[in-house]
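Engineer: Structure below; questions to follow.
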There are 2 protein chains.
Amino acid sequence: MKRLLISTVATLVALSGQANAQDGAIIHDAEYYILEAQNGERWAEDDTRIDAKLAALRGANAGKPPNIVYILLDDLGFGEIGSKELSVVRGYDTPAIAKLAQEGLSLQRMYTEPSCTPTRVAMMTGRHPVRTGTMEAKATISGEGLHGDEVTLAEVLKGAGYYTSHVGKWHLGDIQQAFPNEQGFMHAEFPVHQQGQLAIMHADAEVADVIRGVDPSSAAQTFTLDTTFVPNPAHMVTGVEIRDGQMYEIGLEPGETWTQDKYVEMNERYQDNALAQLRKLAAQDKPFFLNYWPLLPSTFTRSDISEFKTLNGGVWAESIVQVDEWVGEILDEIDALGLAENTIVVVMGDNGPFMEYRGLSGGDDRVYRGGKAQHLEGGVRVNAYMRWKGVTEPGSYAEDMLHVTDLFTTFARIAGAKDQIPQDRIIDGLDQSGVVLLGETHGRRDYVFVYEAAVLKSVVKNKYKMHLPAPGTNPIIAPIFDLYRDSREMRAIDSIKYGPWAGGQFVAMVKRHMANRKTYPDREAIVKVPYEGIVNLRPETQEMVEHFLKTPMK
Amino acid sequence: MKRLLISTVATLVALSGQANAQDGAIIHDAEYYILEAQNGERWAEDDTRIDAKLAALRGANAGKPPNIVYILLDDLGFGEIGSKELSVVRGYDTPAIAKLAQEGLSLQRMYTEPSCTPTRVAMMTGRHPVRTGTMEAKATISGEGLHGDEVTLAEVLKGAGYYTSHVGKWHLGDIQQAFPNEQGFMHAEFPVHQQGQLAIMHADAEVADVIRGVDPSSAAQTFTLDTTFVPNPAHMVTGVEIRDGQMYEIGLEPGETWTQDKYVEMNERYQDNALAQLRKLAAQDKPFFLNYWPLLPSTFTRSDISEFKTLNGGVWAESIVQVDEWVGEILDEIDALGLAENTIVVVMGDNGPFMEYRGLSGGDDRVYRGGKAQHLEGGVRVNAYMRWKGVTEPGSYAEDMLHVTDLFTTFARIAGAKDQIPQDRIIDGLDQSGVVLLGETHGRRDYVFVYEAAVLKSVVKNKYKMHLPAPGTNPIIAPIFDLYRDSREMRAIDSIKYGPWAGGQFVAMVKRHMANRKTYPDREAIVKVPYEGIVNLRPETQEMVEHFLKTPMK
């Protein structure tokens, strides 16, 4: 409910003479107002053109805004998909996504958060995860998750008349208020946890030496006193669906064991159901938002791959090719249903490659340095492709900076749902409709704050990046990188070429950002009863929940 | 004159039952015969198709083989040119070369030698530089260079009726027998040395802090006893041309100083003259070989760039964009002259980026690790684009392995000049006409020996690469890399996954290769009088030569 702007921001807004005109009463981070003060007039002109374009597009679509199909792929950093030129580096190819790139717009400088949960929180809420209190969702039972008071993109779009549908990975917590059906999705089917449970914590993965310890029979347990320390993944809830307004776990009977085969089945089910959803949604007279988050390419055991087709031969390499085919099926279905002109499709990765599985996976940090869980560009830079037939120019590129939170605000604008965005909290996502509708150079962002969980690790501004130095370090010698000249952030010693001016400027950015976090405090993390609302919990799951509730939390 | 094959090779040839059928009496390295034994029949079928295609193409071109335009760009590793997808990584774009890629064939796995002279020796002779005795050509006066008995591609093509023309960088030595006009080129204009002299060793570069010590006035010389230790670049020969069969230095008067402006002029002159050559050659009734080796993008001082146009802002980044425009002019001229259908154009880099100038240059090792002078992929992998309108499929890719020596043999085959290739020495270059005429998977190489000067540093076979371990190391723990799964050759510790089988196999390869080097011994390096044959040496140059000749060589 706090509406006070900190003094710096207030001054800048006054200076701009625009009083935050572009985004109405939406509250952004301090840095945005510095840009608005300098670019507000141009953006106002852009806005007039954008509004006219959107009105014309709606006019041609029976008054409806476009459908949105958002496909988020797991742990795929920049250079991993959509580019034939790099197939020789990776040893595999993704022709369907490359075709999408040729038919649409390549968002060349898309920043995510460095891991699954934070990127998904950011996309769904338009906010840095640290503000929401949800920075991770565990592979084990935890009673944590996205707060019900967060306002998701699904809620925003639903409020503007969209039908909202979620299929696949969710990964925002194992408590009822965090589930997609409680967060604005009218249709939802999803696993409660993540691939750590579904693709790793099983005996097949132990045989493949991907994991150790999850199969109690794989070592003597002579001195084991606590058999619950190693959780049985089959005792946790796996996949759930909504039937007649009730949540049911499906696909696993009481007493059954979870296996890699079941994981494969789950993946295929979500793909089939995403296609089925498309057909169903196309038959309605409403615009729709289909949020399809495949579990693939996340896979780890070699034994379930019947035929290796890539030069790479890694399990992820094979799986990326598989998921590429699936993306192709979705795109073909959109075209076959005649939806291409009125549907925005976005396909992107959620963070960099999972380096801890390199070798086995066949993945690696190939273009930018670093991967999942790291603030380095390799952790937070992904390929993102957007197609809106008749709007985005085929084979076009935009090198404007985007952050995954921008999709929240941008989709809201395009959907005519901007008034559904809450105005009592910081919204980090900026309106990037200009990039979508007017093309490259019409972006509104030149900065990103990169967190690893709750810790601010680096700041990007324009083409410069500062890794946050140790407390007390004189910023003149802070590690600062020019991302075009040192794209792998390798040699901070060169930063003396930037430090004298950039050190102090970066420190000022961080101060403004932190001051804003005090003005609009971060939400506290919550702990609630896991799995509430699921009506058919198996006996072993009930027992696990009971044990969890008896365990002291502090 | 030695024609004996070592026993391993002889055995393999006998096994193949083909007796080296593909390449007649050309002698290759041992490894080739292992491939021929396994693939000879398929290659023989390919050869029938290739010969038929070549005959048809000649029939449609008044009986003539195609023209060849070969543009070799300096110090540009894989990912630096031709790919819009990577412009956001580099902060610049190369639209003309990207257009070439879209019109032709991207040779995705082209290996060069790791530095300028060795790559150029390899391309010109089809042989590893270590065999020729020429592994470097200095920026200072040295009396070294390519032996006159080496048979160059120019000599091979000239022998088959081609007009041969060289414009630009040569860099194969400062002695007469090494000069292009003595090595088969009927037209030649070139600087005798290289950019080290022309773009670095001058006062402008000292002001820009690119180099130190070359301007004696930039520090007190109180105790200097030998004023020749720091050579004056303006006393060395700069650019030469042939007029009426005589070699003349041009563009620098006695007493004049060499400057960055003169370097810029030299570059522009070669570009203008390459275009002029094209027009002249097109008017003749002969097939032609135009060998254009620009000195750009090699440039170092910021003061000579009037307008920075790239996001990167490095001197090389700006210069790459400049040379991209120039490549575009050449391609446009070829099209305007109606030559596209009968002209093979190849544009490629000669080795990886010059990492010692990173920051200033704006270059870096972006995709593969390492750069110029290193055996790592970043040093020896380059983009290579080939266009032969009507033959190479537009926008096609070949991930077959090629080495720059293969261009020697392949161009000879396509030109109908294979019988001009000498049969008394090892020819490392393999006939890759199949890749050009039949496309991907029709290559004939799966190995590369990577030297740094005279030292074998690594061996590539299929997708595996071994860095040569220290003498005495058990090959089971040699650093071996899977180039698709660890494209940056970062973590040799994973090599235990390959070592048990690959260690011994790699060692066997090296043994065969070294045995062949004994059977066909490397040529000794030569030292001769520099600059012989240049008729207008300036007095300061004559003095320098006299001093050089008086200096004890050992």
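Going by the structure tokens order, chains are called A, B, ..., each with residues numbered from 1, while ligands are numbered from 1 in the order shown.
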If you run DSSP on this backbone, which residues of range 22-269 of chain A come out as strand (DSSP E or B), and could you give them as a ChimeraX atom specification?

Structural biologist: /A:27,67-73,105-111,145,163-168,173,175,187-191,239-243,246-250

Engineer: Restricted to N, CA and C atoms, what would the selected residues look like written as a short mmCIF file (atom, residue, chain, number, x, y, z; two decimals), in the first residue's frame?

Structural biologist:
```
data_model
loop_
_atom_site.label_atom_id
_atom_site.label_comp_id
_atom_site.auth_asym_id
_atom_site.auth_seq_id
_atom_site.Cartn_x
_atom_site.Cartn_y
_atom_site.Cartn_z
N ILE A 27 4.41 1.18 -10.21
CA ILE A 27 5.64 1.62 -9.55
C ILE A 27 6.81 0.76 -10.02
N ASN A 67 -3.98 -14.11 -28.68
CA ASN A 67 -3.65 -15.22 -27.78
C ASN A 67 -2.16 -15.17 -27.46
N ILE A 68 -1.80 -15.77 -26.36
CA ILE A 68 -0.39 -15.84 -25.96
C ILE A 68 -0.05 -17.30 -25.65
N VAL A 69 0.94 -17.83 -26.36
CA VAL A 69 1.44 -19.18 -26.07
C VAL A 69 2.88 -19.01 -25.62
N TYR A 70 3.14 -19.37 -24.39
CA TYR A 70 4.47 -19.14 -23.80
C TYR A 70 5.09 -20.49 -23.46
N ILE A 71 6.19 -20.81 -24.14
CA ILE A 71 6.86 -22.10 -23.92
C ILE A 71 8.23 -21.82 -23.28
N LEU A 72 8.38 -22.29 -22.06
CA LEU A 72 9.62 -22.04 -21.32
C LEU A 72 10.36 -23.37 -21.18
N LEU A 73 11.58 -23.41 -21.73
CA LEU A 73 12.37 -24.64 -21.73
C LEU A 73 13.42 -24.59 -20.62
N LEU A 105 10.88 -12.96 -34.42
CA LEU A 105 11.83 -11.99 -33.86
C LEU A 105 12.72 -12.69 -32.85
N SER A 106 14.04 -12.56 -33.04
CA SER A 106 14.97 -13.09 -32.04
C SER A 106 15.26 -12.00 -31.02
N LEU A 107 14.87 -12.25 -29.79
CA LEU A 107 15.17 -11.30 -28.70
C LEU A 107 16.56 -11.66 -28.22
N GLN A 108 17.53 -10.89 -28.67
CA GLN A 108 18.92 -11.29 -28.57
C GLN A 108 19.54 -11.04 -27.20
N ARG A 109 18.89 -10.19 -26.44
CA ARG A 109 19.52 -9.85 -25.15
C ARG A 109 18.51 -10.01 -24.02
N MET A 110 17.98 -11.22 -23.93
CA MET A 110 17.00 -11.55 -22.90
C MET A 110 17.73 -12.05 -21.65
N TYR A 111 17.49 -11.36 -20.55
CA TYR A 111 18.01 -11.80 -19.26
C TYR A 111 16.93 -12.54 -18.49
N GLY A 145 6.33 -21.74 -0.89
CA GLY A 145 5.81 -21.44 -2.22
C GLY A 145 5.37 -20.00 -2.38
N TYR A 163 -8.90 -16.63 -21.29
CA TYR A 163 -8.92 -17.96 -20.70
C TYR A 163 -7.46 -18.33 -20.45
N THR A 164 -7.17 -18.79 -19.25
CA THR A 164 -5.78 -19.04 -18.86
C THR A 164 -5.57 -20.52 -18.57
N SER A 165 -4.51 -21.06 -19.14
CA SER A 165 -4.30 -22.50 -19.09
C SER A 165 -2.82 -22.80 -18.86
N HIS A 166 -2.57 -23.64 -17.88
CA HIS A 166 -1.17 -24.02 -17.61
C HIS A 166 -0.97 -25.53 -17.76
N VAL A 167 0.08 -25.91 -18.49
CA VAL A 167 0.44 -27.32 -18.66
C VAL A 167 1.93 -27.47 -18.42
N GLY A 168 2.31 -28.43 -17.56
CA GLY A 168 3.72 -28.77 -17.39
C GLY A 168 4.31 -28.26 -16.09
N GLY A 173 6.32 -24.03 -5.70
CA GLY A 173 6.01 -24.39 -4.32
C GLY A 173 5.04 -25.54 -4.20
N ILE A 175 2.65 -25.78 -1.74
CA ILE A 175 1.50 -25.39 -0.90
C ILE A 175 0.37 -24.90 -1.79
N HIS A 187 -7.32 -23.56 -16.22
CA HIS A 187 -6.96 -24.96 -16.44
C HIS A 187 -5.54 -25.14 -15.94
N ALA A 188 -5.29 -26.27 -15.23
CA ALA A 188 -3.93 -26.49 -14.73
C ALA A 188 -3.65 -27.97 -14.59
N GLU A 189 -2.51 -28.42 -15.09
CA GLU A 189 -2.00 -29.77 -14.86
C GLU A 189 -0.49 -29.65 -14.77
N PHE A 190 0.06 -30.21 -13.71
CA PHE A 190 1.46 -29.89 -13.40
C PHE A 190 1.99 -30.85 -12.33
N PRO A 191 3.30 -31.08 -12.34
CA PRO A 191 3.89 -31.79 -11.20
C PRO A 191 4.10 -30.77 -10.07
N GLY A 239 2.40 -35.78 -10.25
CA GLY A 239 1.62 -34.87 -11.10
C GLY A 239 0.18 -34.73 -10.64
N VAL A 240 -0.36 -33.51 -10.74
CA VAL A 240 -1.76 -33.30 -10.37
C VAL A 240 -2.54 -32.66 -11.53
N GLU A 241 -3.85 -32.91 -11.48
CA GLU A 241 -4.77 -32.32 -12.45
C GLU A 241 -6.01 -31.84 -11.70
N ILE A 242 -6.74 -30.95 -12.32
CA ILE A 242 -8.00 -30.48 -11.74
C ILE A 242 -9.15 -31.16 -12.47
N ARG A 243 -10.03 -31.79 -11.71
CA ARG A 243 -11.25 -32.36 -12.33
C ARG A 243 -12.44 -31.86 -11.54
N GLN A 246 -11.68 -29.98 -8.43
CA GLN A 246 -10.92 -30.65 -7.37
C GLN A 246 -9.55 -31.08 -7.90
N MET A 247 -8.54 -31.03 -7.03
CA MET A 247 -7.20 -31.44 -7.43
C MET A 247 -6.96 -32.92 -7.14
N TYR A 248 -6.49 -33.64 -8.17
CA TYR A 248 -6.19 -35.06 -8.02
C TYR A 248 -4.76 -35.35 -8.45
N GLU A 249 -4.07 -36.18 -7.68
CA GLU A 249 -2.81 -36.71 -8.18
C GLU A 249 -3.14 -37.82 -9.18
N ILE A 250 -2.42 -37.87 -10.27
CA ILE A 250 -2.68 -38.91 -11.28
C ILE A 250 -1.40 -39.67 -11.60
#
```

Engineer: Listing only residues of chain A within 8 Å of chain B, what is the closest atom pair and its distance in Å (to one decimal) for each, using only C-alpha atoms, sorted by chain and residue number ascending, as CSV?

Structural biologist:
```
residue,atom,partner,partner_atom,distance
A:Ser83,CA,B:Glu85,CA,7.1
A:Glu85,CA,B:Ser83,CA,7.0
A:Val88,CA,B:Glu399,CA,6.1
A:Val89,CA,B:Tyr484,CA,5.8
A:Arg90,CA,B:Tyr484,CA,4.9
A:Gly91,CA,B:Tyr484,CA,5.2
A:Gln108,CA,B:Val88,CA,6.3
A:Arg109,CA,B:Val88,CA,7.0
A:Leu311,CA,B:Tyr484,CA,7.6
A:Asn312,CA,B:Tyr484,CA,5.4
A:Gly314,CA,B:Arg485,CA,7.4
A:Arg358,CA,B:Arg485,CA,7.3
A:Gly359,CA,B:Arg485,CA,5.9
A:Gly362,CA,B:Arg485,CA,4.5
A:Gly363,CA,B:Arg485,CA,5.8
A:Asp364,CA,B:Asp486,CA,6.2
A:Arg366,CA,B:Val367,CA,5.9
A:Val367,CA,B:Val367,CA,4.9
A:Tyr368,CA,B:Arg366,CA,7.5
A:Glu399,CA,B:Val88,CA,6.1
A:Leu483,CA,B:Val89,CA,7.5
A:Tyr484,CA,B:Arg90,CA,4.9
A:Arg485,CA,B:Gly362,CA,4.5
A:Asp486,CA,B:Asp364,CA,6.2
A:Ser487,CA,B:Val89,CA,6.4
A:Arg488,CA,B:Arg366,CA,7.0
A:Asp494,CA,B:Gly359,CA,7.4
```

Engineer: Looking only at alpha helix (DSSP H) from DSSP on the backbone, list the matching residues of range 287-475 of chain A as number ranges by chain.

Structural biologist: A: 315-336, 377-380, 405-414, 433-437

Engineer: As an mmCIF file with N, CA and C atoms, in the first residue's frame, please: the residues near Cys116 in chain A (cut-off 10 Å, only C-alpha atoms, same-chain neighbours under 2 positions excluded).

Structural biologist:
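The file below, part-v9.cif, is the result:
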```cif
data_model
loop_
_atom_site.group_PDB
_atom_site.id
_atom_site.type_symbol
_atom_site.label_atom_id
_atom_site.label_comp_id
_atom_site.auth_asym_id
_atom_site.auth_seq_id
_atom_site.Cartn_x
_atom_site.Cartn_y
_atom_site.Cartn_z
ATOM 1 N N LEU A 72 8.375 -22.287 -22.062
ATOM 2 C CA LEU A 72 9.617 -22.037 -21.318
ATOM 3 C C LEU A 72 10.364 -23.365 -21.181
ATOM 4 N N LEU A 73 11.580 -23.407 -21.735
ATOM 5 C CA LEU A 73 12.371 -24.644 -21.729
ATOM 6 C C LEU A 73 13.418 -24.590 -20.620
ATOM 7 N N ASP A 74 13.737 -25.734 -20.099
ATOM 8 C CA ASP A 74 14.554 -25.796 -18.894
ATOM 9 C C ASP A 74 16.046 -25.724 -19.180
ATOM 10 N N ASP A 75 16.727 -24.866 -18.437
ATOM 11 C CA ASP A 75 18.194 -24.862 -18.385
ATOM 12 C C ASP A 75 18.851 -24.809 -19.761
ATOM 13 N N THR A 112 17.329 -13.647 -17.882
ATOM 14 C CA THR A 112 16.442 -14.333 -16.944
ATOM 15 C C THR A 112 17.050 -14.189 -15.550
ATOM 16 N N GLU A 113 16.434 -14.822 -14.595
ATOM 17 C CA GLU A 113 17.093 -15.075 -13.319
ATOM 18 C C GLU A 113 17.961 -16.323 -13.522
ATOM 19 N N PRO A 114 18.876 -16.600 -12.611
ATOM 20 C CA PRO A 114 19.819 -17.695 -12.886
ATOM 21 C C PRO A 114 19.316 -19.107 -12.578
ATOM 22 N N PRO A 118 13.286 -18.877 -9.595
ATOM 23 C CA PRO A 118 13.296 -17.419 -9.697
ATOM 24 C C PRO A 118 12.873 -16.891 -11.061
ATOM 25 N N THR A 119 13.281 -17.547 -12.136
ATOM 26 C CA THR A 119 12.853 -17.075 -13.460
ATOM 27 C C THR A 119 11.342 -17.189 -13.603
ATOM 28 N N ARG A 120 10.774 -18.287 -13.082
ATOM 29 C CA ARG A 120 9.330 -18.492 -13.217
ATOM 30 C C ARG A 120 8.553 -17.521 -12.325
ATOM 31 N N VAL A 121 9.075 -17.249 -11.130
ATOM 32 C CA VAL A 121 8.466 -16.222 -10.276
ATOM 33 C C VAL A 121 8.506 -14.869 -10.987
ATOM 34 N N MET A 135 12.292 -17.669 -3.630
ATOM 35 C CA MET A 135 13.497 -17.694 -4.455
ATOM 36 C C MET A 135 13.904 -19.094 -4.859
ATOM 37 N N GLU A 136 13.280 -20.089 -4.202
ATOM 38 C CA GLU A 136 13.526 -21.458 -4.636
ATOM 39 C C GLU A 136 12.345 -22.328 -4.222
ATOM 40 N N ALA A 137 12.158 -23.413 -4.949
ATOM 41 C CA ALA A 137 11.166 -24.417 -4.570
ATOM 42 C C ALA A 137 11.889 -25.747 -4.645
ATOM 43 N N LYS A 169 5.659 -28.241 -16.099
ATOM 44 C CA LYS A 169 6.419 -27.806 -14.923
ATOM 45 C C LYS A 169 5.821 -26.530 -14.326
ATOM 46 N N TRP A 170 5.792 -26.430 -13.001
ATOM 47 C CA TRP A 170 5.327 -25.221 -12.334
ATOM 48 C C TRP A 170 6.445 -24.714 -11.419
ATOM 49 N N HIS A 171 6.716 -25.508 -10.364
ATOM 50 C CA HIS A 171 7.942 -25.261 -9.616
ATOM 51 C C HIS A 171 7.922 -23.963 -8.814
ATOM 52 N N LEU A 172 6.730 -23.587 -8.347
ATOM 53 C CA LEU A 172 6.618 -22.396 -7.500
ATOM 54 C C LEU A 172 6.175 -22.747 -6.091
ATOM 55 N N GLN A 194 9.660 -30.841 -8.943
ATOM 56 C CA GLN A 194 10.457 -30.544 -10.138
ATOM 57 C C GLN A 194 11.234 -31.777 -10.557
ATOM 58 N N GLY A 349 14.617 -20.240 -23.089
ATOM 59 C CA GLY A 349 15.173 -20.983 -21.959
ATOM 60 C C GLY A 349 14.943 -20.217 -20.678
ATOM 61 N N ASP A 350 15.053 -20.894 -19.561
ATOM 62 C CA ASP A 350 14.800 -20.216 -18.283
ATOM 63 C C ASP A 350 16.075 -19.817 -17.548
ATOM 64 N N ASN A 351 17.210 -20.362 -17.961
ATOM 65 C CA ASN A 351 18.510 -19.976 -17.396
ATOM 66 C C ASN A 351 19.581 -20.785 -18.118
ATOM 67 N N GLY A 352 20.817 -20.570 -17.759
ATOM 68 C CA GLY A 352 21.926 -21.235 -18.439
ATOM 69 C C GLY A 352 22.010 -22.722 -18.156
ATOM 70 N N LYS A 372 23.643 -22.271 -14.943
ATOM 71 C CA LYS A 372 22.581 -22.247 -13.932
ATOM 72 C C LYS A 372 23.133 -21.921 -12.543
ATOM 73 N N ALA A 373 22.412 -21.101 -11.825
ATOM 74 C CA ALA A 373 22.719 -20.715 -10.442
ATOM 75 C C ALA A 373 23.807 -19.652 -10.344
#
```

Engineer: Tell me which of B:Thr238, B:His442, B:His513, B:Thr134 sits closest to Gly40 in chain B, counting only C-alpha atoms.

Structural biologist: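 Selected residue with least distance to Gly40 in chain B: B:His442.
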
Engineer: For range 417-426 of chain B, work out the shell of residues within 8 Å, counting only C-alpha atoms and skipping chain neighbours fewer than 2 positions away, then give it as an mmCIF file with N, CA, C and O atoms, in the first residue's frame.

Structural biologist:
```cif
data_model
loop_
_atom_site.group_PDB
_atom_site.id
_atom_site.type_symbol
_atom_site.label_atom_id
_atom_site.label_comp_id
_atom_site.auth_asym_id
_atom_site.auth_seq_id
_atom_site.Cartn_x
_atom_site.Cartn_y
_atom_site.Cartn_z
ATOM 1 N N MET B 1 62.158 -36.748 -53.599
ATOM 2 C CA MET B 1 62.243 -37.851 -54.551
ATOM 3 C C MET B 1 61.932 -39.196 -53.904
ATOM 4 O O MET B 1 61.823 -40.202 -54.576
ATOM 5 N N LYS B 2 61.807 -39.198 -52.609
ATOM 6 C CA LYS B 2 61.535 -40.461 -51.934
ATOM 7 C C LYS B 2 60.106 -40.903 -52.197
ATOM 8 O O LYS B 2 59.168 -40.156 -51.997
ATOM 9 N N ARG B 3 59.944 -42.114 -52.625
ATOM 10 C CA ARG B 3 58.605 -42.583 -52.956
ATOM 11 C C ARG B 3 58.193 -43.747 -52.079
ATOM 12 O O ARG B 3 57.150 -44.341 -52.265
ATOM 13 N N ALA B 25 48.975 -40.714 -57.611
ATOM 14 C CA ALA B 25 50.276 -40.922 -56.981
ATOM 15 C C ALA B 25 50.596 -39.852 -55.942
ATOM 16 O O ALA B 25 51.728 -39.749 -55.492
ATOM 17 N N ILE B 26 49.612 -39.055 -55.567
ATOM 18 C CA ILE B 26 49.849 -38.064 -54.512
ATOM 19 C C ILE B 26 50.079 -38.804 -53.207
ATOM 20 O O ILE B 26 49.389 -39.767 -52.895
ATOM 21 N N ILE B 27 51.058 -38.335 -52.444
ATOM 22 C CA ILE B 27 51.395 -38.994 -51.182
ATOM 23 C C ILE B 27 50.778 -38.215 -50.024
ATOM 24 O O ILE B 27 51.053 -37.029 -49.851
ATOM 25 N N HIS B 28 49.944 -38.885 -49.255
ATOM 26 C CA HIS B 28 49.323 -38.242 -48.098
ATOM 27 C C HIS B 28 49.945 -38.762 -46.808
ATOM 28 O O HIS B 28 50.752 -39.685 -46.798
ATOM 29 N N ASP B 29 49.489 -38.166 -45.705
ATOM 30 C CA ASP B 29 49.931 -38.620 -44.391
ATOM 31 C C ASP B 29 49.295 -39.997 -44.109
ATOM 32 O O ASP B 29 48.275 -40.363 -44.705
ATOM 33 N N ARG B 127 50.605 -28.253 -47.538
ATOM 34 C CA ARG B 127 51.457 -28.994 -46.609
ATOM 35 C C ARG B 127 51.515 -28.299 -45.254
ATOM 36 O O ARG B 127 51.433 -27.068 -45.163
ATOM 37 N N VAL B 151 55.921 -26.090 -54.155
ATOM 38 C CA VAL B 151 55.007 -25.898 -55.286
ATOM 39 C C VAL B 151 53.699 -25.313 -54.750
ATOM 40 O O VAL B 151 53.012 -25.954 -53.959
ATOM 41 N N VAL B 156 50.347 -24.574 -59.418
ATOM 42 C CA VAL B 156 49.483 -25.686 -59.840
ATOM 43 C C VAL B 156 48.420 -25.191 -60.821
ATOM 44 O O VAL B 156 48.198 -25.794 -61.879
ATOM 45 N N LEU B 157 47.770 -24.079 -60.477
ATOM 46 C CA LEU B 157 46.681 -23.578 -61.314
ATOM 47 C C LEU B 157 47.217 -22.960 -62.607
ATOM 48 O O LEU B 157 46.624 -23.120 -63.684
ATOM 49 N N GLY B 159 49.784 -23.929 -64.131
ATOM 50 C CA GLY B 159 50.131 -25.074 -64.977
ATOM 51 C C GLY B 159 48.921 -25.649 -65.707
ATOM 52 O O GLY B 159 49.064 -26.340 -66.719
ATOM 53 N N ALA B 160 47.732 -25.367 -65.169
ATOM 54 C CA ALA B 160 46.512 -25.859 -65.817
ATOM 55 C C ALA B 160 45.826 -24.762 -66.624
ATOM 56 O O ALA B 160 44.663 -24.892 -66.996
ATOM 57 N N THR B 409 44.343 -28.923 -52.485
ATOM 58 C CA THR B 409 44.046 -30.134 -53.253
ATOM 59 C C THR B 409 42.664 -30.045 -53.918
ATOM 60 O O THR B 409 42.479 -30.476 -55.054
ATOM 61 N N ALA B 412 42.699 -27.656 -56.788
ATOM 62 C CA ALA B 412 43.415 -28.311 -57.894
ATOM 63 C C ALA B 412 42.489 -29.288 -58.620
ATOM 64 O O ALA B 412 42.428 -29.309 -59.856
ATOM 65 N N ARG B 413 41.756 -30.093 -57.847
ATOM 66 C CA ARG B 413 40.839 -31.059 -58.463
ATOM 67 C C ARG B 413 39.784 -30.350 -59.306
ATOM 68 O O ARG B 413 39.526 -30.717 -60.461
ATOM 69 N N ILE B 414 39.174 -29.324 -58.722
ATOM 70 C CA ILE B 414 38.086 -28.628 -59.412
ATOM 71 C C ILE B 414 38.599 -27.917 -60.662
ATOM 72 O O ILE B 414 37.905 -27.809 -61.667
ATOM 73 N N ALA B 415 39.856 -27.441 -60.573
ATOM 74 C CA ALA B 415 40.452 -26.735 -61.711
ATOM 75 C C ALA B 415 41.002 -27.681 -62.779
ATOM 76 O O ALA B 415 41.519 -27.228 -63.799
ATOM 77 N N ASP B 428 49.543 -32.783 -47.326
ATOM 78 C CA ASP B 428 48.570 -32.969 -46.233
ATOM 79 C C ASP B 428 47.146 -32.675 -46.685
ATOM 80 O O ASP B 428 46.191 -33.205 -46.128
ATOM 81 N N TYR B 520 59.683 -38.825 -45.051
ATOM 82 C CA TYR B 520 59.704 -37.652 -45.933
ATOM 83 C C TYR B 520 60.164 -36.461 -45.100
ATOM 84 O O TYR B 520 59.345 -35.727 -44.563
#
```

Engineer: Using only C-alpha atoms, can you tell me which of B:Val130, B:Leu76, B:Leu198, B:Val347 comes closest to Gly379 in chain B?

Structural biologist: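 Closest to Gly379 in chain B of all the choices is B:Leu76.
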
Engineer: Set the distance at 12 Å and use only C-alpha atoms: which residues neighbour Ser217 in chain A once local chain neighbours fewer than 2 positions away are removed? I'd like the list as a list in words.

Structural biologist: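 Skipping anything fewer than 2 positions along the chain leaves His202, Ala203, Glu206, Val207, Arg212, Gly213, Val214, Asp215, Ala219, Ala220, Gln221 and Thr222 of chain A.
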
Engineer: Between CA of Thr519 in chain A and CA of Phe411 in chain A, measure the distance and give it in Å to one decimal.

Structural biologist: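 Value for the CA of Thr519 in chain A-CA of Phe411 in chain A distance: 27.0 Å.
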
Engineer: Applying 9 Å and only C-alpha atoms, which residues near Arg279 in chain B remain after dropping the ones on its own chain fewer than 5 positions away? List them as a compact mmCIF listing (two decimals) with all heavy atoms, in the first residue's frame.

Structural biologist:
```
# COMPACT_ATOMS: atom_id res chain seq x y z
N ALA B 274 42.14 -4.82 -56.08
CA ALA B 274 41.48 -6.13 -56.17
C ALA B 274 40.25 -6.02 -57.07
O ALA B 274 40.01 -6.90 -57.91
CB ALA B 274 41.09 -6.63 -54.78
N GLU B 333 30.83 -6.92 -57.30
CA GLU B 333 31.54 -6.78 -58.57
C GLU B 333 31.51 -8.11 -59.35
O GLU B 333 31.32 -8.11 -60.56
CB GLU B 333 32.99 -6.34 -58.31
CG GLU B 333 33.74 -5.90 -59.56
CD GLU B 333 33.21 -4.59 -60.15
OE1 GLU B 333 32.77 -3.72 -59.37
OE2 GLU B 333 33.21 -4.47 -61.39
N ILE B 334 31.70 -9.20 -58.63
CA ILE B 334 31.63 -10.52 -59.28
C ILE B 334 30.26 -10.71 -59.91
O ILE B 334 30.13 -11.15 -61.06
CB ILE B 334 31.92 -11.64 -58.25
CG1 ILE B 334 33.41 -11.62 -57.87
CG2 ILE B 334 31.52 -13.01 -58.80
CD1 ILE B 334 33.76 -12.49 -56.67
N LEU B 337 29.77 -8.38 -62.93
CA LEU B 337 30.53 -8.83 -64.10
C LEU B 337 29.96 -10.13 -64.69
O LEU B 337 30.50 -10.66 -65.66
CB LEU B 337 32.00 -9.04 -63.71
CG LEU B 337 32.80 -7.77 -63.38
CD1 LEU B 337 34.10 -8.10 -62.68
CD2 LEU B 337 33.08 -6.96 -64.67
```
